[in-house]
file target-v1.txt (compact mmCIF, C-alpha atoms)
# COMPACT_ATOMS: atom_id res chain seq x y z
CA MET A 96 87.68 115.90 88.25
CA ALA A 97 91.33 116.20 87.19
CA LEU A 98 93.68 113.65 88.70
CA ALA A 99 96.77 114.66 90.64
CA ILE A 100 98.19 111.13 90.52
CA ALA A 101 97.17 108.10 88.48
CA ALA A 102 98.85 104.69 88.51
CA LYS A 103 98.08 101.49 86.65
CA GLY A 104 99.80 98.17 87.34
CA LEU A 105 102.57 100.08 89.08
CA ALA A 106 105.50 98.13 90.51
CA VAL A 107 108.03 100.06 92.54
CA GLY A 108 111.22 98.95 94.22
CA TYR A 109 114.89 98.47 93.59
CA GLY A 110 117.18 96.46 91.38
CA THR A 111 116.89 96.40 87.59
CA PRO A 112 114.19 95.31 85.13
CA ALA A 113 116.22 92.13 84.59
CA ALA A 114 116.60 91.50 88.33
CA PRO A 115 113.84 93.48 90.06
CA LEU A 116 113.40 93.70 93.82
CA PRO A 117 109.82 94.97 94.06
CA VAL A 118 108.51 96.62 97.20
CA LEU A 119 105.09 97.48 95.76
CA GLU A 120 103.28 95.50 93.07
CA ARG A 121 100.15 95.91 90.94
CA VAL A 122 99.17 99.30 92.31
CA ASP A 123 96.16 100.93 90.67
CA LEU A 124 95.47 104.39 92.02
CA ALA A 125 93.51 107.52 91.12
CA ILE A 126 93.94 110.57 93.37
CA PRO A 127 91.92 113.66 92.42
CA GLU A 128 93.52 117.08 92.69
CA GLY A 129 92.95 118.62 96.08
CA GLU A 130 92.46 115.32 97.93
CA PHE A 131 93.97 114.50 101.32
CA LEU A 132 94.96 110.82 101.12
CA ALA A 133 96.33 109.19 104.26
CA ILE A 134 98.42 106.03 103.83
CA LEU A 135 98.63 103.28 106.45
CA GLY A 136 100.41 99.95 106.41
CA PRO A 137 102.86 97.70 108.24
CA SER A 138 106.59 98.38 108.07
CA GLY A 139 108.11 97.35 104.77
CA CYS A 140 104.87 97.55 102.77
CA GLY A 141 106.10 100.39 100.54
CA LYS A 142 104.45 103.53 101.95
CA SER A 143 107.58 105.68 101.66
CA THR A 144 108.55 103.97 98.41
CA LEU A 145 105.28 105.09 96.82
CA LEU A 146 105.98 108.70 97.78
CA ARG A 147 109.45 108.45 96.30
CA VAL A 148 108.20 107.35 92.90
CA VAL A 149 105.66 110.22 92.87
CA ALA A 150 108.51 112.63 93.69
CA ASP A 151 110.67 111.18 90.89
CA LEU A 152 113.25 109.97 93.40
CA LEU A 153 112.76 106.36 92.30
CA PRO A 154 111.79 105.04 88.85
CA PRO A 155 108.99 102.48 88.45
CA LEU A 156 109.98 98.90 87.78
CA ALA A 157 106.81 98.25 85.78
CA GLY A 158 103.44 99.76 85.01
CA GLY A 159 102.74 103.43 84.65
CA ILE A 160 102.27 106.54 86.75
CA THR A 161 101.32 110.09 85.85
CA VAL A 162 101.64 113.13 88.10
CA LEU A 163 99.42 116.09 87.16
CA GLY A 164 98.87 114.56 83.76
CA GLY A 165 102.52 114.03 82.89
CA SER A 166 105.62 112.25 84.07
CA PRO A 167 106.92 112.48 87.64
CA GLU A 168 110.08 114.01 86.18
CA ALA A 169 108.13 116.82 84.51
CA ALA A 170 106.27 117.57 87.75
CA ARG A 171 109.56 117.61 89.67
CA ARG A 172 111.17 119.99 87.22
CA ARG A 173 108.21 122.37 87.54
CA ARG A 174 108.51 122.16 91.35
CA ASP A 175 104.91 120.94 91.47
CA VAL A 176 105.76 118.33 94.12
CA ALA A 177 107.26 119.00 97.56
CA PHE A 178 108.36 116.57 100.29
CA VAL A 179 108.25 116.79 104.09
CA PHE A 180 110.10 114.07 106.01
CA GLN A 181 109.95 112.90 109.63
CA ASP A 182 113.19 114.77 110.31
CA ALA A 183 112.83 118.48 109.57
CA THR A 184 116.41 118.52 108.13
CA LEU A 185 116.91 122.23 108.72
CA LEU A 186 120.30 123.83 108.15
CA PRO A 187 121.50 124.68 111.68
CA TRP A 188 123.36 127.85 110.70
CA ARG A 189 120.38 129.40 108.92
CA THR A 190 117.51 131.20 110.65
CA VAL A 191 113.90 130.12 110.34
CA ARG A 192 113.34 132.66 107.57
CA GLN A 193 116.50 131.61 105.73
CA ASN A 194 115.60 127.93 105.93
CA ILE A 195 112.17 128.61 104.46
CA GLU A 196 113.66 130.65 101.60
CA LEU A 197 116.30 128.06 100.74
CA PRO A 198 114.36 126.44 97.81
CA LEU A 199 114.03 129.85 96.17
CA GLN A 200 117.79 130.35 96.35
CA VAL A 201 118.91 126.95 95.09
CA GLY A 202 116.28 126.60 92.36
CA PRO A 203 116.20 128.21 88.92
CA ALA A 204 115.66 131.93 88.59
CA GLY A 205 112.05 132.99 88.61
CA LEU A 206 110.91 130.06 90.75
CA ARG A 207 108.58 132.22 92.84
CA ARG A 208 105.24 131.94 91.06
CA PRO A 209 102.56 134.61 90.71
CA GLY A 210 100.26 134.73 93.70
CA LEU A 211 102.70 132.96 96.00
CA ALA A 212 102.60 134.12 99.57
CA SER A 213 105.58 136.06 100.85
CA THR A 214 107.88 134.48 103.41
CA ASP A 215 106.25 136.58 106.12
CA GLU A 216 102.82 135.34 105.07
CA LEU A 217 104.06 131.74 105.23
CA LEU A 218 105.61 132.38 108.64
CA ALA A 219 102.28 133.74 109.84
CA LEU A 220 100.46 130.81 108.26
CA VAL A 221 102.46 128.31 110.32
CA GLY A 222 102.50 130.52 113.42
CA LEU A 223 106.21 131.29 113.42
CA LEU A 224 106.45 134.97 112.56
CA PRO A 225 107.79 135.85 116.05
CA GLN A 226 110.49 133.16 115.63
CA ALA A 227 111.58 134.24 112.14
CA ASP A 228 115.15 135.11 113.17
CA ARG A 229 115.77 132.18 115.48
CA LEU A 230 118.08 129.27 114.69
CA PRO A 231 116.76 125.69 114.58
CA HIS A 232 118.29 124.74 117.95
CA GLU A 233 116.20 127.47 119.56
CA LEU A 234 112.95 125.84 118.41
CA SER A 235 110.85 122.97 119.74
CA GLY A 236 110.35 119.83 117.67
CA GLY A 237 106.90 120.97 116.61
CA GLN A 238 108.21 124.38 115.56
CA ARG A 239 110.96 122.76 113.47
CA GLN A 240 108.35 120.72 111.62
CA ARG A 241 106.35 123.89 110.98
CA VAL A 242 109.46 125.37 109.38
CA ALA A 243 109.84 122.26 107.21
CA ILE A 244 106.22 122.56 106.07
CA ALA A 245 106.61 126.26 105.27
CA ARG A 246 109.82 125.51 103.33
CA ALA A 247 107.96 122.88 101.30
CA LEU A 248 105.16 125.35 100.53
CA VAL A 249 107.39 128.27 99.53
CA SER A 250 107.60 127.07 95.90
CA ARG A 251 103.80 126.77 95.82
CA PRO A 252 103.62 123.04 95.00
CA ARG A 253 100.41 121.43 93.82
CA ILE A 254 101.21 118.15 95.61
CA LEU A 255 102.64 117.82 99.13
CA LEU A 256 104.15 114.47 100.13
CA MET A 257 104.49 113.92 103.89
CA ASP A 258 106.37 110.89 105.23
CA GLU A 259 105.49 110.50 108.93
CA PRO A 260 106.16 114.20 109.55
CA PHE A 261 104.85 114.14 113.13
CA GLY A 262 105.93 110.64 114.14
CA ALA A 263 108.67 111.79 116.52
CA LEU A 264 106.52 114.32 118.40
CA ASP A 265 104.60 113.95 121.64
CA GLU A 266 100.86 113.29 121.38
CA ILE A 267 99.69 116.77 122.36
CA THR A 268 102.01 118.48 119.88
CA ARG A 269 101.07 115.96 117.22
CA ASP A 270 97.35 116.64 117.68
CA ARG A 271 97.95 120.38 117.46
CA LEU A 272 99.95 120.03 114.25
CA ASN A 273 97.29 117.73 112.79
CA ASP A 274 94.75 120.50 113.32
CA GLU A 275 97.05 123.10 111.80
CA LEU A 276 97.81 120.90 108.79
CA ALA A 277 94.10 120.31 108.18
CA GLN A 278 93.53 124.07 108.19
CA LEU A 279 96.45 124.63 105.80
CA TRP A 280 95.10 122.00 103.41
CA ARG A 281 91.63 123.54 103.37
CA ARG A 282 93.03 127.00 102.85
CA MET A 283 95.50 126.11 100.08
CA GLY A 284 93.55 123.39 98.27
CA ILE A 285 96.63 121.31 97.48
CA THR A 286 96.83 117.54 97.16
CA ILE A 287 98.39 115.82 100.17
CA LEU A 288 99.69 112.25 100.48
CA PHE A 289 100.32 111.62 104.16
CA VAL A 290 102.13 108.50 105.40
CA THR A 291 101.56 107.57 109.04
CA HIS A 292 101.59 104.59 111.40
CA SER A 293 98.80 106.14 113.48
CA VAL A 294 95.27 104.94 112.77
CA MET A 295 93.90 107.95 114.65
CA GLU A 296 95.96 110.38 112.60
CA ALA A 297 95.01 108.73 109.30
CA ALA A 298 91.30 108.71 110.10
CA TYR A 299 91.29 112.24 111.49
CA LEU A 300 93.14 113.83 108.56
CA GLY A 301 92.32 111.77 105.50
CA GLN A 302 89.39 112.13 103.14
CA ARG A 303 90.32 108.60 102.16
CA VAL A 304 92.72 106.20 103.85
CA MET A 305 94.70 103.75 101.75
CA VAL A 306 95.82 100.65 103.64
CA LEU A 307 98.78 98.80 102.14
CA ALA A 308 99.52 95.13 102.75
CA ALA A 309 103.03 93.72 102.89
CA HIS A 310 104.89 90.79 101.28
CA PRO A 311 104.46 91.95 98.59
CA GLY A 312 103.35 95.54 99.10
CA ARG A 313 99.96 96.12 97.53
CA VAL A 314 96.76 98.07 98.07
CA ARG A 315 94.67 96.15 100.61
CA GLU A 316 91.76 98.59 100.82
CA ILE A 317 90.93 102.25 100.31
CA VAL A 318 88.48 103.47 102.94
CA ASP A 319 86.42 106.50 101.94
CA LEU A 320 85.70 108.73 104.95
CA ARG A 321 84.02 111.55 103.05
CA PRO A 322 80.48 110.22 103.71
CA VAL A 323 81.36 109.95 107.41
CA LYS A 324 82.81 113.44 107.69
CA GLY A 325 80.09 115.18 105.71
CA GLU A 326 80.28 118.63 104.13
CA ALA A 327 82.47 120.02 106.91
CA GLY A 328 85.16 117.50 105.99
CA ARG A 329 86.13 116.83 109.59
CA LEU A 330 84.94 115.26 112.82
CA PRO A 331 86.09 115.53 116.44
CA ARG A 332 88.47 112.74 117.37
CA GLU A 333 85.93 111.31 119.82
CA ALA A 334 82.97 111.37 117.42
CA PRO A 335 81.34 107.88 117.24
CA PRO A 336 81.45 107.66 113.40
CA LEU A 337 85.18 108.40 113.45
CA VAL A 338 85.78 105.89 116.26
CA GLU A 339 83.93 103.26 114.20
CA ALA A 340 86.03 104.12 111.15
CA MET A 341 89.19 103.71 113.21
CA ALA A 342 88.04 100.27 114.40
CA HIS A 343 87.51 99.24 110.79
CA LEU A 344 90.92 100.57 109.78
CA ARG A 345 92.58 98.64 112.62
CA ALA A 346 90.91 95.45 111.43
CA VAL A 347 92.04 96.02 107.85
CA LEU A 348 95.53 96.88 109.04
CA ALA A 349 95.75 93.72 111.17
CA ASP A 350 94.70 91.65 108.17
CA ALA A 351 97.28 93.41 105.99
CA ALA A 352 100.26 92.64 108.22
call {"tool": "encode", "arguments": {"input": "target-v1.txt", "output": "structure tokens"}}
result
Amino acid sequence: MALAIAAKGLAVGYGTPAAPLPVLERVDLAIPEGEFLAILGPSGCGKSTLLRVVADLLPPLAGGITVLGGSPEAARRRRDVAFVFQDATLLPWRTVRQNIELPLQVGPAGLRRPGLASTDELLALVGLLPQADRLPHELSGGQRQRVAIARALVSRPRILLMDEPFGALDEITRDRLNDELAQLWRRMGITILFVTHSVMEAAYLGQRVMVLAAHPGRVREIVDLRPVKGEAGRLPREAPPLVEAMAHLRAVLADAA
């Protein structure tokens, strides 16, 4: 199976090669195309930093990383990677539709790829077609995050990076958006790296869950949930196998702190 992301001996952080300030060290990683990888870890372990190096927002300090078989820079230039942050960061003077279409207007000509859904199709996909002409302040927090997700998908990326996108939402809204995101992932077949502090969210969404340890940041364990979830690829939140997986993840996370 082709790899979306591969890393070997990767060190990521700040500073310079002569005076490095590593956040993550000795990361070996192989993420197949189409996988949903959830990432857990204590604060300061490098979860967001890892996403930034995949997105070509931060260069590696050491080791190597490939994104879709090439450099992170090449993937970024092709618009193969998109980012969704905890804050939806919508432009307040633009409508929902205009916010979603923004990447098409600021990118190079011809960015819209063959087979890409129209803006209306994306609006329908995230359940916001009736709100297409509203401004961000007229939306709920969950609706604003749906706009951010649709905006990230408008350039038809092959990899979607999500940095605690639902962390500021109430539990009911968060559960609903988890379900909607899982449906989007199954429908579109893209690769998702999803950073969260919620063990429940990681276990519910991820095919695998990568737990990072801190001081220094490193991979503590990668828990494969595919055998637990079976062919359907999902389990109810209260299902005993998922509850057991969450208990294991909590134990690994406690040891990684």
call {"tool": "closest_residue", "arguments": {"input": "target-v1.txt", "among": "A:Val306, A:Ala298, A:Leu185, A:Met341", "to": "A:Gly136", "atoms": "only C-alpha atoms"}}
result
A:Val306
call {"tool": "atom_distance", "arguments": {"input": "target-v1.txt", "atom1": "atom CA of A:Ile287", "atom2": "atom CA of A:Gly237"}}
result
19.2 Å
call {"tool": "residues_around", "arguments": {"input": "target-v1.txt", "residues": "stretch 167-173 of chain A", "least_positions_apart": "6", "cutoff": "8 Å", "atoms": "all atoms listed in the file", "output": "list in words"}}
result
Val148, Val149, Ala150, Asp151, Ile160 and Thr161 of chain A
call {"tool": "residues_around", "arguments": {"input": "target-v1.txt", "residues": "A:Val338", "least_positions_apart": "5", "cutoff": "9 Å", "atoms": "all atoms listed in the file", "output": "list in words"}}
result
Met295, Ala298, Arg332, Glu333 and His343 of chain A
call {"tool": "residues_around", "arguments": {"input": "target-v1.txt", "residues": "stretch 248-255 of chain A", "least_positions_apart": "5", "cutoff": "10 Å", "atoms": "all atoms listed in the file", "output": "ChimeraX atom specification"}}
result
/A:99-100,128-131,146,149-150,162-163,170-171,173-179,195-199,202,206-214,217,242-243,280,283-289
call {"tool": "closest_residue", "arguments": {"input": "target-v1.txt", "among": "A:Leu218, A:Ile134, A:Ile244, A:Tyr109", "to": "A:Ala297", "atoms": "only C-alpha atoms"}}
result
A:Ile134
call {"tool": "residues_around", "arguments": {"input": "target-v1.txt", "residues": "A:Glu233", "least_positions_apart": "4", "cutoff": "12 Å", "atoms": "only C-alpha atoms", "output": "PyMOL selection string"}}
result
chain A and resi 187-191+226-229+237-239
call {"tool": "closest_residue", "arguments": {"input": "target-v1.txt", "among": "A:Val318, A:Leu230, A:Ile267, A:Ala342", "to": "A:Gln193", "atoms": "only C-alpha atoms"}}
result
A:Leu230
call {"tool": "residues_around", "arguments": {"input": "target-v1.txt", "residues": "A:Glu275", "least_positions_apart": "4", "cutoff": "8 Å", "atoms": "all atoms listed in the file", "output": "compact mmCIF listing (two decimals) with C-alpha atoms, keeping the file's coordinate frame"}}
result
# COMPACT_ATOMS: atom_id res chain seq x y z
CA VAL A 221 102.46 128.31 110.32
CA ARG A 271 97.95 120.38 117.46
CA LEU A 279 96.45 124.63 105.80
call {"tool": "axis_aligned_box", "arguments": {"input": "target-v1.txt", "around": "stretch 288-294 of chain A", "padding_each_side": "3 Å", "output": "AutoDock Vina command-line options"}}
result
--center_x 98.7 --center_y 108.4 --center_z 107.0 --size_x 12.9 --size_y 13.7 --size_z 19.0
call {"tool": "closest_residue", "arguments": {"input": "target-v1.txt", "among": "A:Glu120, A:Val290, A:Ala334, A:Asp215", "to": "A:Leu256", "atoms": "all atoms listed in the file"}}
result
A:Val290
call {"tool": "atom_distance", "arguments": {"input": "target-v1.txt", "atom1": "atom CA of A:Val201", "atom2": "atom CA of A:Gly262"}}
result
28.2 Å
call {"tool": "closest_residue", "arguments": {"input": "target-v1.txt", "among": "A:Ala308, A:Pro336, A:Val107, A:Pro225", "to": "A:Leu152", "atoms": "all atoms listed in the file"}}
result
A:Val107
call {"tool": "closest_residue", "arguments": {"input": "target-v1.txt", "among": "A:Arg282, A:Ala245, A:Gln181, A:Pro331", "to": "A:Asp270", "atoms": "all atoms listed in the file"}}
result
A:Pro331
call {"tool": "decode", "arguments": {"input": "target-v1.txt", "residues": "stretch 145-274 of chain A", "atoms": "C-alpha atoms", "output": "PDB file, in the first residue's frame"}}
result
ATOM      1  CA  LEU A 145       4.564  16.962  13.834  1.00  0.00           C
ATOM      2  CA  LEU A 146       1.633  18.302  11.825  1.00  0.00           C
ATOM      3  CA  ARG A 147       3.575  21.447  11.026  1.00  0.00           C
ATOM      4  CA  VAL A 148       6.505  19.556   9.535  1.00  0.00           C
ATOM      5  CA  VAL A 149       4.107  17.478   7.386  1.00  0.00           C
ATOM      6  CA  ALA A 150       2.509  20.728   6.175  1.00  0.00           C
ATOM      7  CA  ASP A 151       5.935  22.216   5.362  1.00  0.00           C
ATOM      8  CA  LEU A 152       5.454  24.945   7.961  1.00  0.00           C
ATOM      9  CA  LEU A 153       8.527  23.795   9.882  1.00  0.00           C
ATOM     10  CA  PRO A 154      11.686  22.140   8.515  1.00  0.00           C
ATOM     11  CA  PRO A 155      13.097  18.981  10.124  1.00  0.00           C
ATOM     12  CA  LEU A 156      16.143  19.339  12.318  1.00  0.00           C
ATOM     13  CA  ALA A 157      17.374  15.847  11.432  1.00  0.00           C
ATOM     14  CA  GLY A 158      16.240  12.646   9.783  1.00  0.00           C
ATOM     15  CA  GLY A 159      13.927  12.429   6.829  1.00  0.00           C
ATOM     16  CA  ILE A 160      10.265  12.723   5.955  1.00  0.00           C
ATOM     17  CA  THR A 161       8.376  12.169   2.727  1.00  0.00           C
ATOM     18  CA  VAL A 162       4.809  13.241   2.000  1.00  0.00           C
ATOM     19  CA  LEU A 163       3.078  11.353  -0.823  1.00  0.00           C
ATOM     20  CA  GLY A 164       6.429  10.090  -1.994  1.00  0.00           C
ATOM     21  CA  GLY A 165       8.155  13.460  -2.179  1.00  0.00           C
ATOM     22  CA  SER A 166       9.116  16.414  -0.049  1.00  0.00           C
ATOM     23  CA  PRO A 167       6.652  18.247   2.194  1.00  0.00           C
ATOM     24  CA  GLU A 168       7.346  21.346   0.089  1.00  0.00           C
ATOM     25  CA  ALA A 169       6.294  19.590  -3.119  1.00  0.00           C
ATOM     26  CA  ALA A 170       3.075  18.355  -1.490  1.00  0.00           C
ATOM     27  CA  ARG A 171       2.340  21.862  -0.210  1.00  0.00           C
ATOM     28  CA  ARG A 172       2.873  23.414  -3.615  1.00  0.00           C
ATOM     29  CA  ARG A 173       0.459  20.905  -5.169  1.00  0.00           C
ATOM     30  CA  ARG A 174      -2.093  21.727  -2.439  1.00  0.00           C
ATOM     31  CA  ASP A 175      -2.111  18.052  -1.466  1.00  0.00           C
ATOM     32  CA  VAL A 176      -2.131  18.906   2.252  1.00  0.00           C
ATOM     33  CA  ALA A 177      -4.748  20.985   4.087  1.00  0.00           C
ATOM     34  CA  PHE A 178      -4.887  22.119   7.723  1.00  0.00           C
ATOM     35  CA  VAL A 179      -7.806  22.606  10.130  1.00  0.00           C
ATOM     36  CA  PHE A 180      -7.012  24.318  13.437  1.00  0.00           C
ATOM     37  CA  GLN A 181      -8.891  24.539  16.741  1.00  0.00           C
ATOM     38  CA  ASP A 182      -9.948  28.084  15.836  1.00  0.00           C
ATOM     39  CA  ALA A 183     -11.938  28.147  12.607  1.00  0.00           C
ATOM     40  CA  THR A 184     -10.187  31.436  11.618  1.00  0.00           C
ATOM     41  CA  LEU A 185     -12.965  32.542   9.278  1.00  0.00           C
ATOM     42  CA  LEU A 186     -12.913  36.004   7.727  1.00  0.00           C
ATOM     43  CA  PRO A 187     -15.777  37.820   9.497  1.00  0.00           C
ATOM     44  CA  TRP A 188     -16.773  39.948   6.504  1.00  0.00           C
ATOM     45  CA  ARG A 189     -17.129  36.983   4.138  1.00  0.00           C
ATOM     46  CA  THR A 190     -20.150  34.691   3.972  1.00  0.00           C
ATOM     47  CA  VAL A 191     -19.955  30.954   4.545  1.00  0.00           C
ATOM     48  CA  ARG A 192     -19.751  30.360   0.792  1.00  0.00           C
ATOM     49  CA  GLN A 193     -17.082  33.032   0.341  1.00  0.00           C
ATOM     50  CA  ASN A 194     -14.975  31.656   3.189  1.00  0.00           C
ATOM     51  CA  ILE A 195     -15.068  28.177   1.673  1.00  0.00           C
ATOM     52  CA  GLU A 196     -14.040  29.495  -1.751  1.00  0.00           C
ATOM     53  CA  LEU A 197     -11.170  31.584  -0.413  1.00  0.00           C
ATOM     54  CA  PRO A 198      -8.385  29.023  -1.201  1.00  0.00           C
ATOM     55  CA  LEU A 199      -9.518  28.942  -4.826  1.00  0.00           C
ATOM     56  CA  GLN A 200      -9.207  32.712  -5.062  1.00  0.00           C
ATOM     57  CA  VAL A 201      -5.821  33.148  -3.399  1.00  0.00           C
ATOM     58  CA  GLY A 202      -4.155  30.112  -4.993  1.00  0.00           C
ATOM     59  CA  PRO A 203      -2.751  29.754  -8.500  1.00  0.00           C
ATOM     60  CA  ALA A 204      -5.079  29.707 -11.475  1.00  0.00           C
ATOM     61  CA  GLY A 205      -6.539  26.325 -12.252  1.00  0.00           C
ATOM     62  CA  LEU A 206      -6.384  25.116  -8.659  1.00  0.00           C
ATOM     63  CA  ARG A 207      -9.796  23.447  -8.844  1.00  0.00           C
ATOM     64  CA  ARG A 208      -9.015  19.878  -9.860  1.00  0.00           C
ATOM     65  CA  PRO A 209     -11.071  17.573 -12.074  1.00  0.00           C
ATOM     66  CA  GLY A 210     -13.783  15.792 -10.149  1.00  0.00           C
ATOM     67  CA  LEU A 211     -13.771  18.269  -7.286  1.00  0.00           C
ATOM     68  CA  ALA A 212     -17.144  18.865  -5.731  1.00  0.00           C
ATOM     69  CA  SER A 213     -18.734  22.248  -6.281  1.00  0.00           C
ATOM     70  CA  THR A 214     -19.069  24.657  -3.380  1.00  0.00           C
ATOM     71  CA  ASP A 215     -22.751  23.758  -3.102  1.00  0.00           C
ATOM     72  CA  GLU A 216     -21.876  20.070  -2.911  1.00  0.00           C
ATOM     73  CA  LEU A 217     -19.357  20.798  -0.147  1.00  0.00           C
ATOM     74  CA  LEU A 218     -21.922  22.909   1.691  1.00  0.00           C
ATOM     75  CA  ALA A 219     -24.378  20.026   1.482  1.00  0.00           C
ATOM     76  CA  LEU A 220     -21.676  17.587   2.567  1.00  0.00           C
ATOM     77  CA  VAL A 221     -21.104  19.505   5.814  1.00  0.00           C
ATOM     78  CA  GLY A 222     -24.790  20.311   6.285  1.00  0.00           C
ATOM     79  CA  LEU A 223     -24.538  24.056   5.731  1.00  0.00           C
ATOM     80  CA  LEU A 224     -26.295  24.679   2.434  1.00  0.00           C
ATOM     81  CA  PRO A 225     -29.125  26.638   4.143  1.00  0.00           C
ATOM     82  CA  GLN A 226     -26.490  28.832   5.858  1.00  0.00           C
ATOM     83  CA  ALA A 227     -24.453  29.536   2.708  1.00  0.00           C
ATOM     84  CA  ASP A 228     -25.044  33.304   2.775  1.00  0.00           C
ATOM     85  CA  ARG A 229     -24.652  33.838   6.508  1.00  0.00           C
ATOM     86  CA  LEU A 230     -21.683  35.568   8.122  1.00  0.00           C
ATOM     87  CA  PRO A 231     -19.511  33.761  10.687  1.00  0.00           C
ATOM     88  CA  HIS A 232     -21.003  35.620  13.672  1.00  0.00           C
ATOM     89  CA  GLU A 233     -24.397  34.200  12.733  1.00  0.00           C
ATOM     90  CA  LEU A 234     -23.164  30.620  13.145  1.00  0.00           C
ATOM     91  CA  SER A 235     -22.656  28.355  16.149  1.00  0.00           C
ATOM     92  CA  GLY A 236     -19.192  27.110  17.070  1.00  0.00           C
ATOM     93  CA  GLY A 237     -19.884  23.739  15.491  1.00  0.00           C
ATOM     94  CA  GLN A 238     -21.108  25.352  12.283  1.00  0.00           C
ATOM     95  CA  ARG A 239     -17.967  27.497  12.068  1.00  0.00           C
ATOM     96  CA  GLN A 240     -15.815  24.376  12.314  1.00  0.00           C
ATOM     97  CA  ARG A 241     -17.859  22.774   9.531  1.00  0.00           C
ATOM     98  CA  VAL A 242     -17.041  25.797   7.375  1.00  0.00           C
ATOM     99  CA  ALA A 243     -13.339  25.404   8.209  1.00  0.00           C
ATOM    100  CA  ILE A 244     -13.458  21.730   7.201  1.00  0.00           C
ATOM    101  CA  ALA A 245     -15.246  22.520   3.928  1.00  0.00           C
ATOM    102  CA  ARG A 246     -12.690  25.267   3.190  1.00  0.00           C
ATOM    103  CA  ALA A 247      -9.869  22.774   3.758  1.00  0.00           C
ATOM    104  CA  LEU A 248     -11.521  20.273   1.398  1.00  0.00           C
ATOM    105  CA  VAL A 249     -12.260  22.718  -1.423  1.00  0.00           C
ATOM    106  CA  SER A 250      -8.805  22.216  -2.987  1.00  0.00           C
ATOM    107  CA  ARG A 251      -9.329  18.438  -2.833  1.00  0.00           C
ATOM    108  CA  PRO A 252      -6.311  17.609  -0.639  1.00  0.00           C
ATOM    109  CA  ARG A 253      -5.059  14.066  -0.261  1.00  0.00           C
ATOM    110  CA  ILE A 254      -4.028  14.649   3.367  1.00  0.00           C
ATOM    111  CA  LEU A 255      -6.048  16.525   5.994  1.00  0.00           C
ATOM    112  CA  LEU A 256      -4.254  17.680   9.147  1.00  0.00           C
ATOM    113  CA  MET A 257      -6.539  18.489  12.092  1.00  0.00           C
ATOM    114  CA  ASP A 258      -5.123  20.097  15.241  1.00  0.00           C
ATOM    115  CA  GLU A 259      -7.712  19.732  18.027  1.00  0.00           C
ATOM    116  CA  PRO A 260     -10.465  21.005  15.719  1.00  0.00           C
ATOM    117  CA  PHE A 261     -13.280  20.244  18.173  1.00  0.00           C
ATOM    118  CA  GLY A 262     -11.475  20.957  21.440  1.00  0.00           C
ATOM    119  CA  ALA A 263     -13.395  24.155  22.215  1.00  0.00           C
ATOM    120  CA  LEU A 264     -16.862  22.691  21.604  1.00  0.00           C
ATOM    121  CA  ASP A 265     -19.352  21.237  24.061  1.00  0.00           C
ATOM    122  CA  GLU A 266     -19.503  17.453  24.356  1.00  0.00           C
ATOM    123  CA  ILE A 267     -22.744  16.937  22.444  1.00  0.00           C
ATOM    124  CA  THR A 268     -21.609  19.090  19.521  1.00  0.00           C
ATOM    125  CA  ARG A 269     -18.215  17.418  19.579  1.00  0.00           C
ATOM    126  CA  ASP A 270     -19.758  13.937  19.374  1.00  0.00           C
ATOM    127  CA  ARG A 271     -21.946  15.018  16.468  1.00  0.00           C
ATOM    128  CA  LEU A 272     -18.984  16.454  14.564  1.00  0.00           C
ATOM    129  CA  ASN A 273     -16.959  13.308  15.264  1.00  0.00           C
ATOM    130  CA  ASP A 274     -19.693  11.288  13.567  1.00  0.00           C
TER     131      ASP A 274
END
